$ cat upload.tsv   # TSV, C-alpha atoms and all ligand atoms
chain	number	residue	atom	x	y	z
X	1	MET	CA	102.96	119.62	123.43
X	2	GLU	CA	99.30	119.40	122.35
X	3	ILE	CA	99.35	118.83	118.58
X	4	ALA	CA	95.56	118.79	118.27
X	5	ASN	CA	92.72	118.94	120.77
X	6	GLY	CA	93.35	116.03	123.18
X	7	ILE	CA	96.46	114.70	121.41
X	8	TYR	CA	99.77	115.19	123.19
X	9	SER	CA	103.26	114.59	121.82
X	10	LEU	CA	105.91	113.13	124.16
X	11	GLY	CA	109.52	113.01	123.04
X	12	GLN	CA	113.06	112.27	124.12
X	13	ARG	CA	116.58	112.54	122.71
X	14	ARG	CA	117.37	108.88	123.08
X	15	GLY	CA	116.23	106.44	120.41
X	16	GLY	CA	116.66	109.04	117.65
X	17	ARG	CA	114.44	111.85	119.02
X	18	VAL	CA	111.73	109.24	119.41
X	19	HIS	CA	108.14	110.38	120.00
X	20	ALA	CA	105.01	108.83	121.46
X	21	PHE	CA	101.48	110.24	121.57
X	22	LEU	CA	98.92	110.36	124.32
X	23	VAL	CA	95.31	110.60	123.16
X	24	ASP	CA	92.52	111.80	125.46
X	25	ASP	CA	89.18	111.08	123.80
X	26	GLY	CA	87.18	112.52	126.69
X	27	HIS	CA	86.69	109.10	128.28
X	28	ASP	CA	89.92	107.11	128.31
X	29	LEU	CA	93.56	107.65	127.51
X	30	THR	CA	95.30	105.81	124.69
X	31	LEU	CA	99.08	105.81	124.26
X	32	ILE	CA	100.61	105.33	120.82
X	33	ASP	CA	104.12	103.88	121.25
X	34	THR	CA	106.00	103.97	124.55
X	35	LEU	CA	109.32	105.87	124.03
X	36	ALA	CA	112.75	104.33	124.68
X	37	ASP	CA	113.11	104.31	128.47
X	38	ASP	CA	112.38	101.00	130.16
X	39	ASP	CA	110.93	102.73	133.23
X	40	ALA	CA	108.40	104.79	131.18
X	41	ARG	CA	109.17	107.79	133.39
X	42	ARG	CA	108.38	110.34	130.70
X	43	VAL	CA	104.99	108.80	130.00
X	44	LEU	CA	104.20	108.68	133.74
X	45	ALA	CA	105.29	112.31	134.10
X	46	ALA	CA	103.00	113.30	131.21
X	47	LEU	CA	100.06	111.54	132.88
X	48	ARG	CA	100.78	113.41	136.13
X	49	HIS	CA	101.09	116.68	134.24
X	50	LEU	CA	97.61	116.13	132.76
X	51	GLY	CA	96.25	115.37	136.22
X	52	ARG	CA	95.59	111.75	135.31
X	53	SER	CA	96.64	108.53	137.01
X	54	PRO	CA	98.30	105.47	135.42
X	55	ALA	CA	94.97	103.63	135.81
X	56	ASP	CA	93.42	106.08	133.31
X	57	LEU	CA	95.65	104.68	130.57
X	58	ARG	CA	93.39	102.01	129.08
X	59	ARG	CA	95.06	101.27	125.73
X	60	ILE	CA	98.56	101.11	124.27
X	61	VAL	CA	98.88	100.94	120.49
X	62	LEU	CA	102.27	100.03	119.01
X	63	THR	CA	103.02	101.25	115.49
X	64	HIS	CA	105.65	98.52	115.08
X	65	GLY	CA	108.20	96.41	116.92
X	66	HIS	CA	111.33	98.57	116.90
X	67	ARG	CA	113.32	99.08	120.09
X	68	SER	CA	112.95	102.86	120.42
X	69	HIS	CA	109.16	102.58	120.53
X	70	LEU	CA	108.86	99.67	122.96
X	71	GLY	CA	110.98	100.83	125.92
X	72	GLY	CA	108.20	101.62	128.37
X	73	LEU	CA	105.79	98.92	127.24
X	74	ALA	CA	106.36	96.20	129.85
X	75	ALA	CA	106.48	98.68	132.75
X	76	LEU	CA	103.33	100.48	131.60
X	77	LYS	CA	101.47	97.23	131.07
X	78	ARG	CA	102.37	96.17	134.61
X	79	MET	CA	101.40	99.51	136.16
X	80	THR	CA	98.22	100.23	134.19
X	81	GLY	CA	96.86	96.92	132.94
X	82	ALA	CA	96.21	98.68	129.61
X	83	THR	CA	95.20	96.57	126.61
X	84	VAL	CA	98.10	96.33	124.14
X	85	TYR	CA	97.37	96.50	120.40
X	86	ALA	CA	99.71	95.84	117.47
X	87	HIS	CA	99.74	94.19	114.07
X	88	ALA	CA	100.06	90.39	114.14
X	89	TRP	CA	103.31	90.48	112.12
X	90	GLU	CA	105.04	92.49	114.87
X	91	ALA	CA	103.53	90.54	117.79
X	92	ASP	CA	106.30	87.97	118.30
X	93	ILE	CA	108.99	90.67	118.06
X	94	ILE	CA	107.20	92.68	120.77
X	95	ALA	CA	106.84	89.51	122.87
X	96	GLY	CA	110.60	88.93	122.58
X	97	GLU	CA	110.27	85.69	120.62
X	98	ARG	CA	111.86	87.00	117.41
X	99	ARG	CA	114.36	89.74	116.65
X	100	ALA	CA	113.44	92.70	114.47
X	101	GLN	CA	114.34	92.30	110.81
X	102	PRO	CA	117.94	93.45	110.12
X	103	VAL	CA	118.42	96.58	107.99
X	104	THR	CA	121.23	97.65	105.67
X	105	PHE	CA	124.65	98.45	107.12
X	106	ARG	CA	125.19	101.06	104.41
X	107	PRO	CA	125.21	104.65	105.72
X	108	THR	CA	122.63	106.98	104.12
X	109	ARG	CA	123.91	109.99	102.18
X	110	PRO	CA	124.50	112.78	102.90
X	111	VAL	CA	126.49	111.22	105.74
X	112	ARG	CA	126.78	114.56	107.59
X	113	THR	CA	123.00	114.34	108.22
X	114	TRP	CA	122.47	110.62	108.65
X	115	TRP	CA	125.48	109.65	110.81
X	116	ARG	CA	123.23	110.65	113.72
X	117	ILE	CA	121.18	107.48	113.35
X	118	TYR	CA	123.96	105.09	112.37
X	119	HIS	CA	124.26	103.73	115.92
X	120	LEU	CA	120.58	102.71	115.70
X	121	GLN	CA	121.27	100.90	112.41
X	122	LEU	CA	124.00	98.93	114.19
X	123	GLY	CA	121.79	98.43	117.24
X	124	ILE	CA	118.97	96.81	115.29
X	125	ASN	CA	121.35	94.57	113.32
X	126	PHE	CA	123.20	93.31	116.38
X	127	GLY	CA	120.16	93.23	118.68
X	128	LEU	CA	121.82	95.60	121.15
X	129	LYS	CA	120.02	96.54	124.38
X	130	PRO	CA	116.81	94.63	123.65
X	131	HIS	CA	113.50	95.88	125.07
X	132	VAL	CA	111.74	94.18	127.98
X	133	PRO	CA	109.43	91.68	126.24
X	134	CYS	CA	105.67	92.01	126.64
X	135	PRO	CA	102.98	90.04	124.84
X	136	ILE	CA	100.31	91.99	122.96
X	137	ASP	CA	96.63	91.50	123.81
X	138	VAL	CA	94.86	92.27	120.54
X	139	ALA	CA	96.10	92.00	116.96
X	140	VAL	CA	94.72	94.81	114.79
X	141	SER	CA	95.01	95.81	111.16
X	142	GLU	CA	93.43	97.88	108.40
X	143	GLY	CA	89.88	98.96	109.11
X	144	ASP	CA	89.92	98.27	112.84
X	145	ALA	CA	88.87	100.97	115.29
X	146	ILE	CA	90.44	101.62	118.68
X	147	GLY	CA	88.12	104.05	120.44
X	148	PRO	CA	87.75	106.97	118.02
X	149	LEU	CA	91.00	106.06	116.24
X	150	GLN	CA	91.11	104.34	112.85
X	151	VAL	CA	93.86	101.81	112.26
X	152	LEU	CA	95.71	101.90	108.93
X	153	HIS	CA	98.02	99.09	107.89
X	154	THR	CA	100.97	100.98	106.39
X	155	PRO	CA	103.75	98.49	105.57
X	156	GLY	CA	107.12	99.47	104.13
X	157	HIS	CA	109.22	100.52	107.11
X	158	SER	CA	108.26	97.13	108.54
X	159	PRO	CA	105.70	94.57	107.33
X	160	GLY	CA	103.28	95.09	110.22
X	161	HIS	CA	103.64	98.86	110.53
X	162	LEU	CA	100.48	100.68	111.62
X	163	ALA	CA	99.42	104.30	111.44
X	164	VAL	CA	96.54	105.74	113.42
X	165	TYR	CA	94.09	108.39	112.22
X	166	TRP	CA	91.52	110.38	114.17
X	167	PRO	CA	89.26	111.88	111.48
X	168	GLU	CA	87.35	114.24	113.77
X	169	ARG	CA	90.62	115.83	114.96
X	170	ARG	CA	92.24	115.66	111.48
X	171	THR	CA	95.30	114.08	113.05
X	172	LEU	CA	97.48	111.28	111.72
X	173	ILE	CA	100.05	109.42	113.79
X	174	ALA	CA	102.32	108.16	111.02
X	175	GLY	CA	104.85	106.22	113.09
X	176	ASP	CA	108.12	105.58	111.28
X	177	ALA	CA	106.55	105.94	107.81
X	178	ILE	CA	107.58	109.61	108.13
X	179	ALA	CA	110.51	111.15	110.03
X	180	THR	CA	111.28	114.82	110.68
X	181	TRP	CA	114.67	114.18	112.32
X	182	PRO	CA	117.54	114.31	111.45
X	183	ALA	CA	115.78	115.49	108.27
X	184	LEU	CA	112.28	115.37	106.80
X	185	ALA	CA	112.12	111.97	105.12
X	186	ALA	CA	109.79	109.23	103.91
X	187	GLY	CA	110.94	107.18	106.89
X	188	TRP	CA	114.63	106.75	107.66
X	189	PRO	CA	115.90	105.47	104.31
X	190	ALA	CA	118.21	102.80	105.75
X	191	PHE	CA	115.35	101.32	107.79
X	192	ASN	CA	112.71	101.00	105.06
X	193	LEU	CA	112.52	97.26	104.42
X	194	ASN	CA	110.24	97.59	101.40
X	195	PRO	CA	110.43	100.94	99.54
X	196	ARG	CA	107.61	100.01	97.14
X	197	GLN	CA	105.21	99.32	100.02
X	198	GLU	CA	106.43	102.46	101.78
X	199	ARG	CA	105.53	104.58	98.72
X	200	ALA	CA	102.07	103.01	98.54
X	201	SER	CA	101.48	103.58	102.26
X	202	LEU	CA	102.48	107.24	102.00
X	203	ARG	CA	100.25	107.79	98.99
X	204	ARG	CA	97.32	106.42	101.00
X	205	MET	CA	98.10	108.69	103.94
X	206	ALA	CA	98.22	111.67	101.56
X	207	GLU	CA	94.54	111.09	100.74
X	208	LEU	CA	93.55	111.80	104.34
X	209	ASP	CA	92.38	115.19	105.56
X	210	VAL	CA	95.19	116.17	107.95
X	211	ALA	CA	95.96	119.26	110.00
X	212	ALA	CA	98.56	117.61	112.26
X	213	ILE	CA	100.91	114.65	111.83
X	214	GLY	CA	102.79	112.92	114.62
X	215	VAL	CA	105.92	111.05	113.52
X	216	GLY	CA	108.08	108.42	115.22
X	217	HIS	CA	111.30	110.44	115.12
X	218	GLY	CA	111.48	114.22	115.32
X	219	GLU	CA	108.99	116.96	116.05
X	220	PRO	CA	105.36	116.61	114.96
X	221	ILE	CA	104.19	118.42	111.83
X	222	VAL	CA	101.63	120.98	112.96
X	223	ARG	CA	101.92	123.61	110.25
X	224	ASP	CA	101.19	123.01	106.56
X	225	ALA	CA	100.64	119.34	107.33
X	226	ALA	CA	98.96	118.44	104.03
X	227	GLU	CA	101.61	120.25	101.97
X	228	THR	CA	104.41	118.64	103.96
X	229	LEU	CA	102.87	115.20	103.50
X	230	GLY	CA	102.73	115.89	99.77
X	231	ARG	CA	106.44	116.70	99.82
X	232	VAL	CA	107.19	113.48	101.69
X	233	VAL	CA	105.30	111.45	99.08
X	234	GLY	CA	107.55	113.07	96.48
X	235	MET	CA	110.64	111.89	98.41
X	236	ALA	CA	109.58	108.24	98.57
Y	1	ZN	ZN	111.07	101.75	113.24
Y	2	ZN	ZN	111.65	104.20	115.03
$ encode --input "upload.tsv" --output "structure tokens"
Amino acid sequence: MEIANGIYSLGQRRGGRVHAFLVDDGHDLTLIDTLADDDARRVLAALRHLGRSPADLRRIVLTHGHRSHLGGLAALKRMTGATVYAHAWEADIIAGERRAQPVTFRPTRPVRTWWRIYHLQLGINFGLKPHVPCPIDVAVSEGDAIGPLQVLHTPGHSPGHLAVYWPERRTLIAGDAIATWPALAAGWPAFNLNPRQERASLRRMAELDVAAIGVGHGEPIVRDAAETLGRVVGMA
């Protein structure tokens, strides 16, 4: 699905309806997050579908070091040689040298909505099915540019969480700072390590001019994006 000119959403059921985003800036391709599958088959299929080859993928940006977003990383790095970008705080988790920060065991209410992600809460706490480790190449943070994309440091869900904004296309990739599945939320509540930082990060995002928002879990927001972002700020 093309959520804005040159920005494609890739999703899968596994990993909590996880989504990644392929950005074609007219020169190179940049992938934001890598979905849950270790073999990256959905990303490779998307490249084929666009008539591009793995070698066209020049950059991989990771919003943060959680399992669902890192599945295809090692395979894609091996196949494409793409430069891997992430925040320094997440780098040793992505490289497999440190486990992701545990989250609460408490189920989120209403349980009839949030039981759908409870297995992921357990997974992160027990380090189940770890990703294939892969070192990052470049540490980035607030104010850095990756091609036409602006990097925003948006902590809260995790300390080194990044969002990516393409001003010209009015598109924000919010990562896990916003979820649309199993319900619209200011990130999955059980996973937000620092709610105060999360609120501040969302307020900053709400100042951007947005027509489309890609999120880490659930379908992208392509209608009434600014209004929806305003609602999410109110939930945080
Ligand atoms: Zn996450
Ligand atoms: Zn996630």
$ residues_near_point --input "upload.tsv" --point "(93.5, 101.7, 109.8)" --cutoff "10 Å" --atoms "all atoms listed in the file" --output "list of chain:residue names"
X:Val140, X:Ser141, X:Glu142, X:Gly143, X:Asp144, X:Ala145, X:Ile146, X:Leu149, X:Gln150, X:Val151, X:Leu152, X:His153, X:Thr154, X:Leu162, X:Ala163, X:Val164, X:Tyr165, X:Trp166
$ closest_atom_pairs --input "upload.tsv" --of "chain X" --to "ligand ZN 1 (chain Y)" --cutoff "8 Å" --atoms "only C-alpha atoms and all ligand atoms" --output "JSON lines"
{"residue": "X:His64", "atom": "CA", "partner": "Y:ZN1", "partner_atom": "ZN", "distance": 6.6}
{"residue": "X:Gly65", "atom": "CA", "partner": "Y:ZN1", "partner_atom": "ZN", "distance": 7.1}
{"residue": "X:His66", "atom": "CA", "partner": "Y:ZN1", "partner_atom": "ZN", "distance": 4.9}
{"residue": "X:Arg67", "atom": "CA", "partner": "Y:ZN1", "partner_atom": "ZN", "distance": 7.7}
{"residue": "X:Ser68", "atom": "CA", "partner": "Y:ZN1", "partner_atom": "ZN", "distance": 7.5}
{"residue": "X:His69", "atom": "CA", "partner": "Y:ZN1", "partner_atom": "ZN", "distance": 7.6}
{"residue": "X:His157", "atom": "CA", "partner": "Y:ZN1", "partner_atom": "ZN", "distance": 6.5}
{"residue": "X:Ser158", "atom": "CA", "partner": "Y:ZN1", "partner_atom": "ZN", "distance": 7.2}
{"residue": "X:Gly175", "atom": "CA", "partner": "Y:ZN1", "partner_atom": "ZN", "distance": 7.7}
{"residue": "X:Asp176", "atom": "CA", "partner": "Y:ZN1", "partner_atom": "ZN", "distance": 5.2}
{"residue": "X:Phe191", "atom": "CA", "partner": "Y:ZN1", "partner_atom": "ZN", "distance": 6.9}
{"residue": "X:Gly216", "atom": "CA", "partner": "Y:ZN1", "partner_atom": "ZN", "distance": 7.6}
$ atom_distance --input "upload.tsv" --atom1 "atom CA of X:Thr104" --atom2 "atom CA of X:Glu198"
16.0 Å
$ atom_distance --input "upload.tsv" --atom1 "atom CA of X:Arg14" --atom2 "atom CA of X:Arg58"
25.7 Å
$ residues_around --input "upload.tsv" --residues "X:Ala211" --least-positions-apart "3" --cutoff "10 Å" --atoms "only C-alpha atoms" --output "PyMOL selection string"
chain X and resi 3-4+169-172+208+221-227
$ residues_near_ligand --input "upload.tsv" --ligand "ligand ZN 2 (chain Y)" --cutoff "12 Å" --atoms "all atoms listed in the file" --output "JSON, numbers by chain"
{"X": [14, 15, 16, 17, 18, 19, 20, 33, 34, 35, 36, 62, 63, 64, 65, 66, 67, 68, 69, 70, 71, 100, 117, 120, 121, 123, 124, 157, 158, 161, 174, 175, 176, 177, 178, 179, 180, 181, 187, 188, 189, 190, 191, 192, 215, 216, 217, 218]}
$ closest_residue --input "upload.tsv" --among "X:Pro135, X:Gly81, X:Gly26, X:Pro130" --to "X:Ile7" --atoms "only C-alpha atoms"
X:Gly26
$ closest_residue --input "upload.tsv" --among "X:Ala82, X:Leu22, X:Gly6, X:Ala183" --to "X:Arg116" --atoms "all atoms listed in the file"
X:Ala183
$ atom_distance --input "upload.tsv" --atom1 "atom CA of X:Leu47" --atom2 "atom CA of X:Glu90"
26.7 Å
$ residues_around --input "upload.tsv" --residues "X:Asp56" --least-positions-apart "3" --cutoff "7 Å" --atoms "all atoms listed in the file" --output "list in words"
Asp28, Leu29, Arg52 and Ser53 of chain X
$ axis_aligned_box --input "upload.tsv" --around "stretch 53-64 of chain X" --padding-each-side "8 Å" --output "JSON"
{"center_x": 99.5, "center_y": 103.5, "center_z": 126.0, "size_x": 28.3, "size_y": 26.0, "size_z": 37.9}
$ closest_residue --input "upload.tsv" --among "X:His87, X:Ala40, X:Leu193, X:Glu168" --to "X:Asp209" --atoms "only C-alpha atoms"
X:Glu168
$ closest_residue --input "upload.tsv" --among "X:Asn194, X:Ser201, X:Thr108, X:Thr83" --to "X:Leu57" --atoms "all atoms listed in the file"
X:Thr83
$ closest_residue --input "upload.tsv" --among "X:Ala139, X:Ala75, X:Val132, X:Leu122" --to "X:Arg106" --atoms "all atoms listed in the file"
X:Leu122
$ closest_residue --input "upload.tsv" --among "X:Gly234, X:Pro133, X:Gly51, X:Gly127" --to "X:Lys77" --atoms "all atoms listed in the file"
X:Pro133
$ decode --input "upload.tsv" --residues "stretch 65-78 of chain X" --atoms "all heavy atoms" --output "compact mmCIF listing (two decimals), in the first residue's frame"
# COMPACT_ATOMS: atom_id res chain seq x y z
N GLY X 65 14.85 -1.17 19.11
CA GLY X 65 15.36 -2.54 19.13
C GLY X 65 14.41 -3.61 19.62
O GLY X 65 14.83 -4.52 20.33
N HIS X 66 13.15 -3.55 19.24
CA HIS X 66 12.21 -4.61 19.63
C HIS X 66 12.11 -5.68 18.55
O HIS X 66 12.11 -5.38 17.36
CB HIS X 66 10.83 -4.02 19.93
CG HIS X 66 10.74 -3.41 21.30
ND1 HIS X 66 9.73 -2.58 21.68
CD2 HIS X 66 11.57 -3.54 22.38
CE1 HIS X 66 9.94 -2.20 22.95
NE2 HIS X 66 11.04 -2.78 23.39
N ARG X 67 11.94 -6.90 19.01
CA ARG X 67 11.99 -8.11 18.19
C ARG X 67 11.19 -8.03 16.89
O ARG X 67 11.70 -8.38 15.82
CB ARG X 67 11.50 -9.31 19.04
CG ARG X 67 11.35 -10.62 18.28
CD ARG X 67 12.69 -11.14 17.86
NE ARG X 67 12.62 -12.37 17.09
CZ ARG X 67 12.46 -12.42 15.76
NH1 ARG X 67 12.31 -11.32 15.05
NH2 ARG X 67 12.46 -13.58 15.15
N SER X 68 9.94 -7.57 16.99
CA SER X 68 9.04 -7.59 15.82
C SER X 68 9.57 -6.74 14.66
O SER X 68 9.16 -6.94 13.52
CB SER X 68 7.66 -7.04 16.19
OG SER X 68 7.12 -7.70 17.29
N HIS X 69 10.45 -5.80 14.97
CA HIS X 69 10.90 -4.85 13.96
C HIS X 69 12.28 -5.20 13.39
O HIS X 69 12.76 -4.54 12.49
CB HIS X 69 10.93 -3.43 14.55
CG HIS X 69 9.64 -3.07 15.22
ND1 HIS X 69 8.60 -2.46 14.55
CD2 HIS X 69 9.19 -3.29 16.48
CE1 HIS X 69 7.58 -2.30 15.38
NE2 HIS X 69 7.92 -2.80 16.56
N LEU X 70 12.91 -6.23 13.98
CA LEU X 70 14.29 -6.56 13.63
C LEU X 70 14.44 -7.86 12.88
O LEU X 70 15.56 -8.26 12.54
CB LEU X 70 15.14 -6.68 14.92
CG LEU X 70 15.16 -5.49 15.86
CD1 LEU X 70 15.97 -5.83 17.11
CD2 LEU X 70 15.75 -4.28 15.16
N GLY X 71 13.30 -8.57 12.63
CA GLY X 71 13.38 -9.92 12.08
C GLY X 71 14.25 -10.04 10.85
O GLY X 71 15.15 -10.87 10.78
N GLY X 72 13.98 -9.19 9.85
CA GLY X 72 14.67 -9.34 8.57
C GLY X 72 16.02 -8.65 8.50
O GLY X 72 16.68 -8.70 7.45
N LEU X 73 16.42 -8.00 9.58
CA LEU X 73 17.60 -7.13 9.51
C LEU X 73 18.86 -7.85 9.05
O LEU X 73 19.51 -7.42 8.08
CB LEU X 73 17.84 -6.47 10.89
CG LEU X 73 19.11 -5.63 10.97
CD1 LEU X 73 19.07 -4.45 10.01
CD2 LEU X 73 19.34 -5.15 12.41
N ALA X 74 19.23 -8.92 9.73
CA ALA X 74 20.51 -9.58 9.41
C ALA X 74 20.51 -10.11 7.98
O ALA X 74 21.49 -9.96 7.24
CB ALA X 74 20.79 -10.70 10.41
N ALA X 75 19.39 -10.71 7.57
CA ALA X 75 19.31 -11.26 6.20
C ALA X 75 19.40 -10.13 5.17
O ALA X 75 20.11 -10.26 4.16
CB ALA X 75 18.01 -12.03 6.03
N LEU X 76 18.71 -9.03 5.42
CA LEU X 76 18.72 -7.92 4.45
C LEU X 76 20.10 -7.28 4.38
O LEU X 76 20.57 -6.90 3.31
CB LEU X 76 17.67 -6.88 4.83
CG LEU X 76 16.22 -7.31 4.57
CD1 LEU X 76 15.26 -6.35 5.25
CD2 LEU X 76 15.94 -7.39 3.07
N LYS X 77 20.74 -7.15 5.54
CA LYS X 77 22.09 -6.58 5.54
C LYS X 77 23.04 -7.44 4.69
O LYS X 77 23.81 -6.93 3.88
CB LYS X 77 22.60 -6.49 6.99
CG LYS X 77 24.04 -6.09 7.14
CD LYS X 77 24.27 -4.62 6.84
CE LYS X 77 25.74 -4.26 6.96
NZ LYS X 77 26.00 -2.87 6.58
N ARG X 78 22.90 -8.76 4.86
CA ARG X 78 23.76 -9.69 4.12
C ARG X 78 23.48 -9.60 2.62
O ARG X 78 24.39 -9.57 1.80
CB ARG X 78 23.50 -11.11 4.62
CG ARG X 78 24.54 -12.14 4.19
CD ARG X 78 24.25 -13.50 4.83
NE ARG X 78 22.95 -14.02 4.45
CZ ARG X 78 21.95 -14.26 5.30
NH1 ARG X 78 22.09 -14.05 6.59
NH2 ARG X 78 20.79 -14.74 4.86
